[in-house]
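A.B. asks: One file: work-v1.txt (compact mmCIF, C-alpha atoms (C1' of nucleotides)).
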```
# COMPACT_ATOMS: atom_id res chain seq x y z
CA MET A 1 13.98 -45.16 3.36
CA VAL A 2 16.63 -43.52 1.25
CA THR A 3 17.14 -39.90 2.22
CA MET A 4 19.42 -37.11 1.12
CA THR A 5 20.63 -33.80 2.44
CA ARG A 6 19.94 -30.34 1.18
CA SER A 7 22.98 -30.03 -1.08
CA LYS A 8 22.43 -33.45 -2.62
CA LEU A 9 18.81 -32.70 -3.47
CA ALA A 10 19.73 -29.28 -4.82
CA LYS A 11 22.42 -30.77 -7.03
CA GLU A 12 20.16 -33.59 -8.23
CA CYS A 13 17.39 -31.18 -9.21
CA GLY A 14 19.60 -28.37 -10.46
CA VAL A 15 18.23 -25.77 -8.08
CA ASN A 16 19.93 -23.39 -5.71
CA ILE A 17 20.27 -24.81 -2.23
CA GLU A 18 18.45 -21.84 -0.72
CA SER A 19 15.47 -22.26 -3.00
CA LEU A 20 14.62 -25.46 -1.14
CA ARG A 21 14.22 -23.55 2.08
CA TYR A 22 12.20 -20.95 0.20
CA TYR A 23 9.84 -23.59 -1.24
CA GLU A 24 9.46 -25.03 2.24
CA LYS A 25 8.53 -21.60 3.58
CA ARG A 26 6.05 -21.12 0.72
CA ARG A 27 4.57 -24.56 1.56
CA LEU A 28 5.34 -25.97 -1.89
CA ILE A 29 7.08 -28.89 -0.21
CA ASP A 30 6.28 -30.40 3.16
CA PRO A 31 8.75 -29.75 5.96
CA PRO A 32 11.12 -32.70 5.57
CA LYS A 33 12.09 -35.12 8.31
CA ARG A 34 15.10 -34.12 10.35
CA SER A 35 18.13 -36.02 11.53
CA GLU A 36 18.95 -36.13 15.24
CA VAL A 37 20.93 -32.91 15.04
CA GLY A 38 18.29 -31.21 12.90
CA TYR A 39 19.56 -31.74 9.36
CA ARG A 40 16.84 -31.87 6.71
CA LEU A 41 16.41 -35.33 5.18
CA TYR A 42 14.70 -35.34 1.80
CA SER A 43 13.09 -38.30 0.07
CA LYS A 44 12.88 -39.30 -3.59
CA GLU A 45 9.33 -37.93 -3.55
CA ASP A 46 10.67 -34.53 -2.54
CA ALA A 47 13.05 -34.65 -5.50
CA ALA A 48 10.17 -35.49 -7.85
CA ARG A 49 8.16 -32.62 -6.46
CA ILE A 50 11.02 -30.18 -6.90
CA ARG A 51 11.36 -31.29 -10.51
CA PHE A 52 7.64 -30.80 -11.00
CA ILE A 53 7.93 -27.28 -9.61
CA GLN A 54 10.81 -26.52 -11.97
CA ASN A 55 8.84 -27.79 -14.95
CA ALA A 56 5.69 -25.92 -14.07
CA LYS A 57 7.70 -22.73 -13.60
CA LYS A 58 9.18 -23.11 -17.08
CA LEU A 59 5.62 -23.35 -18.39
CA GLY A 60 4.81 -19.97 -16.94
CA PHE A 61 2.99 -20.95 -13.76
CA THR A 62 3.65 -18.84 -10.67
CA LEU A 63 4.50 -20.49 -7.37
CA ASN A 64 0.96 -19.77 -6.17
CA GLU A 65 -0.50 -21.50 -9.22
CA ILE A 66 1.83 -24.43 -8.70
CA LEU A 67 0.67 -24.62 -5.09
CA GLN A 68 -2.92 -24.84 -6.38
CA LEU A 69 -1.92 -27.62 -8.78
CA LEU A 70 -0.21 -29.56 -6.02
CA LYS A 71 -3.13 -29.09 -3.67
CA LEU A 72 -5.46 -30.78 -6.18
CA ARG A 73 -4.37 -34.16 -4.94
CA VAL A 74 -3.61 -33.39 -1.33
CA LYS A 75 -6.87 -32.65 0.47
CA LYS A 76 -8.51 -36.05 0.74
CA ASN A 77 -11.52 -34.95 2.75
CA GLU A 78 -12.57 -32.58 0.00
CA SER A 79 -15.50 -33.54 -2.19
CA CYS A 80 -14.69 -35.15 -5.46
CA GLU A 81 -16.84 -32.65 -7.33
CA SER A 82 -14.78 -29.79 -5.97
CA VAL A 83 -11.50 -31.36 -7.00
CA LEU A 84 -13.00 -32.16 -10.38
CA ALA A 85 -14.08 -28.57 -10.92
CA LYS A 86 -10.71 -27.15 -9.91
CA THR A 87 -8.87 -29.61 -12.09
CA GLN A 88 -11.12 -28.73 -15.01
CA THR A 89 -10.38 -25.03 -14.44
CA LYS A 90 -6.64 -25.73 -14.50
CA LEU A 91 -7.11 -27.82 -17.64
CA ASP A 92 -8.87 -24.91 -19.32
CA GLU A 93 -6.04 -22.59 -18.35
CA VAL A 94 -3.51 -25.01 -19.80
CA ASP A 95 -5.56 -25.25 -22.99
CA GLN A 96 -5.64 -21.49 -23.31
CA LYS A 97 -1.85 -21.35 -22.96
CA ILE A 98 -1.44 -24.03 -25.61
CA LYS A 99 -3.71 -22.08 -27.95
CA GLY A 100 -1.71 -18.91 -27.42
CA LEU A 101 1.55 -20.72 -28.04
CA ASN A 102 0.16 -22.28 -31.21
CA SER A 103 -0.70 -18.81 -32.49
CA MET A 104 2.80 -17.68 -31.65
CA LYS A 105 4.16 -20.72 -33.44
CA LYS A 106 2.10 -19.97 -36.53
CA VAL A 107 3.45 -16.45 -36.72
CA LEU A 108 7.03 -17.59 -36.23
CA LYS A 109 6.63 -20.25 -38.91
CA GLN A 110 5.17 -17.66 -41.25
CA MET A 111 8.18 -15.47 -40.62
CA ILE A 112 10.56 -18.32 -41.39
CA HIS A 113 8.63 -19.09 -44.55
CA GLN A 114 8.66 -15.47 -45.68
CA CYS A 115 12.35 -15.19 -44.92
CA GLN A 116 13.19 -18.33 -46.89
CA GLU A 117 11.16 -17.24 -49.88
CA ALA A 118 12.79 -13.84 -49.74
CA THR A 119 16.25 -15.37 -49.73
CA LEU A 120 15.59 -16.76 -53.19
CA THR A 121 14.79 -13.31 -54.52
CA GLY A 122 17.52 -11.61 -52.50
CA ASP A 123 15.08 -9.60 -50.46
CA CYS A 124 13.94 -10.05 -46.86
CA PRO A 125 10.70 -8.22 -46.21
CA ILE A 126 9.90 -9.24 -42.68
CA LEU A 127 7.02 -6.95 -42.13
CA CYS A 128 4.97 -9.58 -40.48
CA SER A 129 1.99 -8.55 -38.49
CA PHE A 130 3.39 -9.87 -35.27
CA GLU A 131 1.40 -7.59 -33.04
CA SER A 132 -1.80 -7.57 -35.05
CA GLY A 133 -4.00 -8.36 -32.10
CA ARG A 134 -6.07 -11.00 -33.83
CA GLU A 135 -3.03 -13.25 -34.28
CA LEU A 136 -2.78 -13.97 -30.59
CA MET B 1 -2.94 9.70 -38.48
CA VAL B 2 -5.17 8.78 -35.60
CA THR B 3 -3.42 9.14 -32.27
CA MET B 4 -4.36 8.73 -28.66
CA THR B 5 -3.07 9.77 -25.28
CA ARG B 6 -1.60 7.68 -22.53
CA SER B 7 -4.81 7.07 -20.63
CA LYS B 8 -6.76 6.15 -23.75
CA LEU B 9 -4.17 3.58 -24.84
CA ALA B 10 -3.96 2.19 -21.32
CA LYS B 11 -7.73 1.81 -21.14
CA GLU B 12 -7.95 0.28 -24.60
CA CYS B 13 -5.31 -2.33 -23.83
CA GLY B 14 -6.27 -2.93 -20.23
CA VAL B 15 -2.88 -2.03 -18.81
CA ASN B 16 -1.85 0.35 -16.07
CA ILE B 17 -1.02 3.79 -17.36
CA GLU B 18 2.43 3.66 -15.78
CA SER B 19 3.29 0.38 -17.46
CA LEU B 20 3.38 2.22 -20.78
CA ARG B 21 6.15 4.45 -19.54
CA TYR B 22 7.89 1.36 -18.15
CA TYR B 23 7.71 -0.45 -21.50
CA GLU B 24 9.07 2.66 -23.18
CA LYS B 25 11.98 2.69 -20.73
CA ARG B 26 12.60 -1.01 -21.36
CA ARG B 27 12.52 -0.29 -25.13
CA LEU B 28 9.60 -2.63 -25.75
CA ILE B 29 7.83 0.20 -27.52
CA ASP B 30 9.40 3.05 -29.46
CA PRO B 31 9.28 6.49 -27.87
CA PRO B 32 5.99 7.82 -29.23
CA LYS B 33 5.54 11.10 -31.03
CA ARG B 34 4.82 14.07 -28.82
CA SER B 35 2.29 16.86 -29.04
CA GLU B 36 3.50 20.47 -29.01
CA VAL B 37 3.43 20.58 -25.23
CA GLY B 38 5.07 17.19 -24.89
CA TYR B 39 2.12 14.84 -24.49
CA ARG B 40 2.73 11.30 -25.76
CA LEU B 41 0.71 10.45 -28.87
CA TYR B 42 0.28 6.75 -29.50
CA SER B 43 -0.76 5.09 -32.75
CA LYS B 44 -2.89 2.03 -33.45
CA GLU B 45 0.36 0.14 -34.02
CA ASP B 46 1.44 0.97 -30.49
CA ALA B 47 -1.85 -0.45 -29.21
CA ALA B 48 -1.28 -3.65 -31.21
CA ARG B 49 2.20 -3.94 -29.81
CA ILE B 50 0.98 -3.49 -26.25
CA ARG B 51 -1.56 -6.23 -26.82
CA PHE B 52 1.16 -8.48 -28.20
CA ILE B 53 3.24 -7.85 -25.09
CA GLN B 54 0.29 -8.70 -22.84
CA ASN B 55 -0.32 -11.93 -24.73
CA ALA B 56 3.30 -12.99 -24.72
CA LYS B 57 3.50 -12.29 -21.01
CA LYS B 58 0.52 -14.55 -20.36
CA LEU B 59 2.36 -17.29 -22.25
CA GLY B 60 5.25 -17.09 -19.82
CA PHE B 61 7.71 -14.97 -21.79
CA THR B 62 9.74 -12.42 -19.84
CA LEU B 63 10.00 -8.84 -21.06
CA ASN B 64 13.52 -9.59 -22.27
CA GLU B 65 12.30 -12.55 -24.29
CA ILE B 66 9.48 -10.43 -25.70
CA LEU B 67 12.06 -7.83 -26.68
CA GLN B 68 13.95 -10.55 -28.56
CA LEU B 69 10.74 -11.60 -30.32
CA LEU B 70 9.97 -8.04 -31.32
CA LYS B 71 13.51 -7.46 -32.52
CA LEU B 72 13.18 -10.35 -34.96
CA ARG B 73 11.45 -8.09 -37.44
CA VAL B 74 13.03 -4.76 -36.64
CA LYS B 75 16.66 -4.83 -37.74
CA LYS B 76 16.42 -4.66 -41.51
CA ASN B 77 20.14 -4.50 -42.18
CA GLU B 78 20.67 -7.82 -40.45
CA SER B 79 21.32 -10.86 -42.59
CA CYS B 80 18.35 -13.01 -43.37
CA GLU B 81 20.17 -16.12 -42.14
CA SER B 82 20.63 -14.59 -38.74
CA VAL B 83 16.97 -13.68 -38.40
CA LEU B 84 16.05 -17.12 -39.63
CA ALA B 85 18.23 -18.81 -37.03
CA LYS B 86 16.89 -16.68 -34.20
CA THR B 87 13.32 -17.25 -35.28
CA GLN B 88 13.94 -20.97 -35.44
CA THR B 89 15.36 -20.88 -31.91
CA LYS B 90 12.25 -19.09 -30.66
CA LEU B 91 10.09 -21.58 -32.51
CA ASP B 92 11.89 -24.45 -30.77
CA GLU B 93 11.34 -22.77 -27.40
CA VAL B 94 7.65 -22.38 -28.14
CA ASP B 95 7.46 -26.04 -29.18
CA GLN B 96 9.09 -27.10 -25.93
CA LYS B 97 6.54 -25.11 -23.98
CA ILE B 98 3.69 -26.67 -25.91
CA LYS B 99 5.09 -30.13 -25.19
CA GLY B 100 5.34 -29.37 -21.49
CA LEU B 101 1.80 -28.06 -21.40
CA ASN B 102 0.54 -31.13 -23.24
CA SER B 103 2.13 -33.32 -20.57
CA MET B 104 0.50 -31.20 -17.91
CA LYS B 105 -2.79 -31.54 -19.76
CA LYS B 106 -2.46 -35.30 -19.95
CA VAL B 107 -1.94 -35.55 -16.21
CA LEU B 108 -4.86 -33.27 -15.46
CA LYS B 109 -7.12 -35.23 -17.81
CA GLN B 110 -6.02 -38.43 -16.15
CA MET B 111 -6.92 -36.95 -12.79
CA ILE B 112 -10.35 -35.97 -14.03
CA HIS B 113 -10.85 -39.42 -15.49
CA GLN B 114 -9.80 -41.12 -12.25
CA CYS B 115 -11.99 -38.82 -10.25
CA GLN B 116 -15.03 -39.50 -12.44
CA GLU B 117 -14.54 -43.26 -12.31
CA ALA B 118 -14.14 -43.07 -8.57
CA THR B 119 -17.39 -41.15 -8.20
CA LEU B 120 -19.25 -44.16 -9.53
CA THR B 121 -17.78 -46.37 -6.84
CA GLY B 122 -18.04 -43.72 -4.14
CA ASP B 123 -14.30 -43.46 -3.71
CA CYS B 124 -11.83 -40.77 -4.89
CA PRO B 125 -8.28 -42.07 -4.91
CA ILE B 126 -6.43 -39.17 -6.41
CA LEU B 127 -2.95 -40.41 -5.82
CA CYS B 128 -1.83 -39.45 -9.25
CA SER B 129 1.84 -39.29 -9.99
CA PHE B 130 1.79 -35.61 -10.63
CA GLU B 131 5.41 -35.03 -9.76
CA SER B 132 6.79 -38.25 -11.15
CA GLY B 133 9.50 -36.56 -13.16
CA ARG B 134 8.96 -38.53 -16.34
CA GLU B 135 5.45 -37.07 -16.78
CA LEU B 136 6.79 -33.63 -17.59
C1' DC C 1 42.02 -32.75 17.37
C1' DT C 2 41.85 -29.59 13.80
C1' DT C 3 40.42 -28.38 9.11
C1' DG C 4 37.09 -28.31 5.59
C1' DA C 5 32.75 -29.33 3.99
C1' DC C 6 28.56 -29.56 5.16
C1' DC C 7 24.24 -28.14 8.16
C1' DC C 8 21.19 -24.66 11.03
C1' DT C 9 18.62 -19.98 11.68
C1' DG C 10 17.70 -15.36 10.77
C1' DT C 11 18.08 -11.51 8.04
C1' DA C 12 19.50 -8.66 4.12
C1' DC C 13 19.95 -8.06 -0.57
C1' DT C 14 18.93 -8.69 -5.66
C1' DG C 15 16.40 -8.42 -10.22
C1' DT C 16 12.00 -8.28 -12.54
C1' DG C 17 7.90 -6.09 -13.51
C1' DG C 18 5.44 -3.03 -12.32
C1' DT C 19 2.66 0.82 -9.33
C1' DA C 20 2.22 5.11 -6.70
C1' DC C 21 3.19 9.63 -5.61
C1' DA C 22 5.09 14.37 -5.45
C1' DG C 23 5.47 18.56 -7.71
C1' DG C 24 4.50 20.80 -11.57
C1' DG C 25 2.21 22.06 -16.43
C1' DT C 26 -2.08 21.88 -19.85
C1' DG C 27 -6.68 22.23 -21.47
C1' DT C 28 -11.57 22.63 -21.35
C1' DA C 29 -16.36 23.07 -19.19
C1' DG C 30 -19.15 25.84 -16.63
C1' DC D 1 -11.26 32.37 -14.39
C1' DT D 2 -11.28 28.50 -11.68
C1' DA D 3 -12.01 23.61 -11.04
C1' DC D 4 -11.03 19.36 -12.74
C1' DA D 5 -9.08 15.94 -15.49
C1' DC D 6 -5.52 14.97 -17.81
C1' DC D 7 -0.22 15.24 -19.04
C1' DC D 8 4.99 15.60 -17.70
C1' DT D 9 9.35 14.05 -14.92
C1' DG D 10 11.65 11.92 -11.28
C1' DT D 11 11.74 9.04 -7.52
C1' DA D 12 9.99 5.76 -4.14
C1' DC D 13 7.72 1.81 -3.19
C1' DC D 14 5.74 -2.96 -3.90
C1' DA D 15 5.35 -8.26 -4.51
C1' DC D 16 7.53 -12.20 -6.27
C1' DA D 17 11.12 -15.43 -6.52
C1' DG D 18 14.88 -16.16 -5.21
C1' DT D 19 20.10 -15.56 -3.46
C1' DA D 20 23.68 -14.32 -0.19
C1' DC D 21 25.62 -13.81 4.11
C1' DA D 22 26.50 -13.71 9.15
C1' DG D 23 27.09 -16.34 13.11
C1' DG D 24 26.98 -20.58 14.79
C1' DG D 25 26.80 -26.11 15.07
C1' DT D 26 28.20 -31.05 13.02
C1' DC D 27 31.06 -34.50 11.22
C1' DA D 28 34.57 -37.21 8.74
C1' DA D 29 39.44 -37.34 6.98
C1' DG D 30 43.95 -36.94 7.94
```
Translate the structure described by the file into structure tokens.

C.D. replies:
Amino acid sequence: MVTMTRSKLAKECGVNIESLRYYEKRRLIDPPKRSEVGYRLYSKEDAARIRFIQNAKKLGFTLNEILQLLKLRVKKNESCESVLAKTQTKLDEVDQKIKGLNSMKKVLKQMIHQCQEATLTGDCPILCSFESGREL
Amino acid sequence: MVTMTRSKLAKECGVNIESLRYYEKRRLIDPPKRSEVGYRLYSKEDAARIRFIQNAKKLGFTLNEILQLLKLRVKKNESCESVLAKTQTKLDEVDQKIKGLNSMKKVLKQMIHQCQEATLTGDCPILCSFESGREL
DNA sequence: CTTGACCCTGTACTGTGGTACAGGGTGTAG
DNA sequence: CTACACCCTGTACCACAGTACAGGGTCAAG
């Protein structure tokens, strides 16, 4: 199996080399195999997992939430119903985030629209109700 | 004008009372008016802004990013083009987040689908390619 | 056979976003 | 007029997510 060292994985995934050790400590990645002298040897699957973690982080999930997401497929002895329920819960959370972002998008688009209209008349009345409460 | 004290605003918005002072320090809210003896007096607009901050935080924006969002409508002497460009940038960021979340959603739905199919056959092979890299 | 680039562990430090507390003032209900 | 709940400031502390560094081992090139 193809393996790579710490620095190679870090470079490939664009993360700090120390973060890998941190993720290992936080149990987000399994302890990797070691070479004879104790060097960590990462697989392609580890790289994919690191990239997943990066992506999920960008989407506003905490490391604990990401751990939950990753666990969804790990515990094989768990009942299917339980996994199903947890996955559904995560799906609902994701849906809520999407809804919130769509509201944000609407407001931003409105602002752009207002600003463009205003340019024609030489005025720029951005008094948009950004924080109106019902918008988000 | 209707005003309220620290504790009232905190209760109304469901935030810790000290967070209000923190947001003031971070310039996310304007320093509120003060009573004769120096008590902070918040307006309904402050409450709306706090709620906006809470919402944006849930969507994965940092306080600095939220500050940028709020600034979009504040500086009136700024050129319209500049505001337009910044707003567009934010809009693109929001779109990227929505895309990422939709990918996440797809994978979760797929998992649910697989799990439901498997239930019929008594097996639950959740070996989904959650971290495959191309999924997100 | 040494020099430089990597690896190991443990521990300390950083920035973000709060949260708590000390020491003091205010304001109102009984 | 005294409790009690609230307000003020400043400062200390916290968890999270890293990031850096010290002190030491490994290994390949020249």

A.B. asks: Closest to Arg6 of chain A among A:Ile29, A:Val107, A:Val83, A:Tyr39, using all atoms listed in the file?

C.D. replies: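 Among the listed residues, the smallest separation from Arg6 of chain A belongs to A:Tyr39.
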
A.B. asks: Report, in Å with one decimal, the straight-line distance from atom CA of Ser19 of chain A to atom C1' of DA20 of chain D.

C.D. replies: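 Rounded to one decimal, the two atoms are 11.8 Å apart.
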
A.B. asks: Rounded to one decimal, what separation in Å do you get between atom CA of Leu9 of chain B and atom C1' of DT28 of chain C?

C.D. replies: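 These atoms are spaced 20.7 Å apart.
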
A.B. asks: Please report as CSV every residue of chain B lying within 12 Å of chain D, along with the nearest atom pair and their distance in Å (one decimal), using all atoms listed in the file.

C.D. replies:
```
residue,atom,partner,partner_atom,distance
B:Thr5,CA,D:DC7,C1',8.8
B:Arg6,CA,D:DC7,C1',8.4
B:Ser7,CA,D:DC6,C1',8.4
B:Lys8,CA,D:DC6,C1',10.7
B:Ile17,CA,D:DC7,C1',11.6
B:Arg21,CA,D:DT9,C1',11.1
B:Arg34,CA,D:DC7,C1',11.1
B:Ser35,CA,D:DC7,C1',10.4
B:Glu36,CA,D:DC7,C1',11.9
B:Val37,CA,D:DC7,C1',9.0
B:Gly38,CA,D:DC8,C1',7.4
B:Tyr39,CA,D:DC7,C1',5.9
B:Arg40,CA,D:DC7,C1',8.3
B:Leu41,CA,D:DC7,C1',11.0
```

A.B. asks: Would you mind listing, for every residue of segment 6-104 of chain A within 7 Å of segment 87-104 of chain B, the two atoms forming the shortest contact and the distance between them in Å to one decimal, using all atoms listed in the file, sorted by chain and ascending residue number, as a Markdown table?

C.D. replies:
```
| residue | atom | partner | partner_atom | distance |
| --- | --- | --- | --- | --- |
| A:Leu59 | CA | B:Lys97 | CA | 5.9 |
| A:Val94 | CA | B:Leu101 | CA | 6.3 |
| A:Ile98 | CA | B:Ile98 | CA | 5.8 |
| A:Leu101 | CA | B:Val94 | CA | 6.3 |
```

A.B. asks: Please check the contacts: residues of chain C at most 9 Å away from chain A, using only C-alpha atoms (C1' of nucleotides), listed as an MDAnalysis selection string.

C.D. replies: chainID C and resid 6:8

A.B. asks: Using all atoms listed in the file, pick whichever of A:Ile53, A:Leu72, A:Ala48, A:Ala85 has the shortest atom-to-atom distance to chain B.

C.D. replies: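 Selected residue with least distance to chain B: A:Ala48.
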
A.B. asks: I'd like to know which of B:Gln116, B:Ser43, B:Asn16, B:Asn64 is closest to chain A, using all atoms listed in the file.

C.D. replies: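 Closest to chain A of all the choices is B:Gln116.
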
A.B. asks: Could you please determine the separation between atom CA of Gly60 of chain B and atom CA of Lys105 of chain A in Å, to one decimal place?

C.D. replies: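 These two atoms are separated by 14.1 Å.
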
A.B. asks: Please determine, counting only C-alpha atoms, which residue among A:Ile66, A:Met111, A:Lys33, A:Tyr22 has the shortest atom-to-atom distance to Gln54 of chain A.

C.D. replies: A:Ile66

A.B. asks: Because some atoms of segment 51-64 of chain A are absent here, can you restore N, CA and C atoms and send them as a PDB file, keeping the file's coordinate frame?

C.D. replies:
```
ATOM      1  N   ARG A  51      11.291 -31.267  -9.049  1.00  0.00           N
ATOM      2  CA  ARG A  51      11.360 -31.290 -10.510  1.00  0.00           C
ATOM      3  C   ARG A  51      10.041 -30.840 -11.127  1.00  0.00           C
ATOM      4  N   PHE A  52       8.947 -31.255 -10.515  1.00  0.00           N
ATOM      5  CA  PHE A  52       7.640 -30.800 -11.000  1.00  0.00           C
ATOM      6  C   PHE A  52       7.540 -29.275 -10.928  1.00  0.00           C
ATOM      7  N   ILE A  53       7.970 -28.731  -9.801  1.00  0.00           N
ATOM      8  CA  ILE A  53       7.930 -27.280  -9.610  1.00  0.00           C
ATOM      9  C   ILE A  53       8.747 -26.580 -10.693  1.00  0.00           C
ATOM     10  N   GLN A  54       9.957 -27.098 -10.936  1.00  0.00           N
ATOM     11  CA  GLN A  54      10.810 -26.520 -11.970  1.00  0.00           C
ATOM     12  C   GLN A  54      10.109 -26.531 -13.323  1.00  0.00           C
ATOM     13  N   ASN A  55       9.521 -27.654 -13.669  1.00  0.00           N
ATOM     14  CA  ASN A  55       8.840 -27.790 -14.950  1.00  0.00           C
ATOM     15  C   ASN A  55       7.670 -26.820 -15.070  1.00  0.00           C
ATOM     16  N   ALA A  56       6.858 -26.793 -14.034  1.00  0.00           N
ATOM     17  CA  ALA A  56       5.690 -25.920 -14.070  1.00  0.00           C
ATOM     18  C   ALA A  56       6.110 -24.460 -14.185  1.00  0.00           C
ATOM     19  N   LYS A  57       7.197 -24.099 -13.522  1.00  0.00           N
ATOM     20  CA  LYS A  57       7.700 -22.730 -13.600  1.00  0.00           C
ATOM     21  C   LYS A  57       8.099 -22.380 -15.035  1.00  0.00           C
ATOM     22  N   LYS A  58       8.780 -23.320 -15.677  1.00  0.00           N
ATOM     23  CA  LYS A  58       9.180 -23.110 -17.080  1.00  0.00           C
ATOM     24  C   LYS A  58       7.967 -22.875 -17.969  1.00  0.00           C
ATOM     25  N   LEU A  59       6.844 -23.476 -17.589  1.00  0.00           N
ATOM     26  CA  LEU A  59       5.620 -23.350 -18.390  1.00  0.00           C
ATOM     27  C   LEU A  59       4.842 -22.093 -18.041  1.00  0.00           C
ATOM     28  N   GLY A  60       5.427 -21.258 -17.211  1.00  0.00           N
ATOM     29  CA  GLY A  60       4.810 -19.970 -16.940  1.00  0.00           C
ATOM     30  C   GLY A  60       3.828 -19.944 -15.784  1.00  0.00           C
ATOM     31  N   PHE A  61       3.831 -20.996 -14.951  1.00  0.00           N
ATOM     32  CA  PHE A  61       2.990 -20.950 -13.760  1.00  0.00           C
ATOM     33  C   PHE A  61       3.745 -20.256 -12.632  1.00  0.00           C
ATOM     34  N   THR A  62       3.024 -19.466 -11.846  1.00  0.00           N
ATOM     35  CA  THR A  62       3.650 -18.840 -10.670  1.00  0.00           C
ATOM     36  C   THR A  62       3.686 -19.860  -9.541  1.00  0.00           C
ATOM     37  N   LEU A  63       4.428 -19.564  -8.503  1.00  0.00           N
ATOM     38  CA  LEU A  63       4.500 -20.490  -7.370  1.00  0.00           C
ATOM     39  C   LEU A  63       3.123 -20.684  -6.742  1.00  0.00           C
ATOM     40  N   ASN A  64       2.316 -19.637  -6.708  1.00  0.00           N
ATOM     41  CA  ASN A  64       0.960 -19.770  -6.170  1.00  0.00           C
ATOM     42  C   ASN A  64       0.115 -20.716  -7.014  1.00  0.00           C
TER      43      ASN A  64
END
```
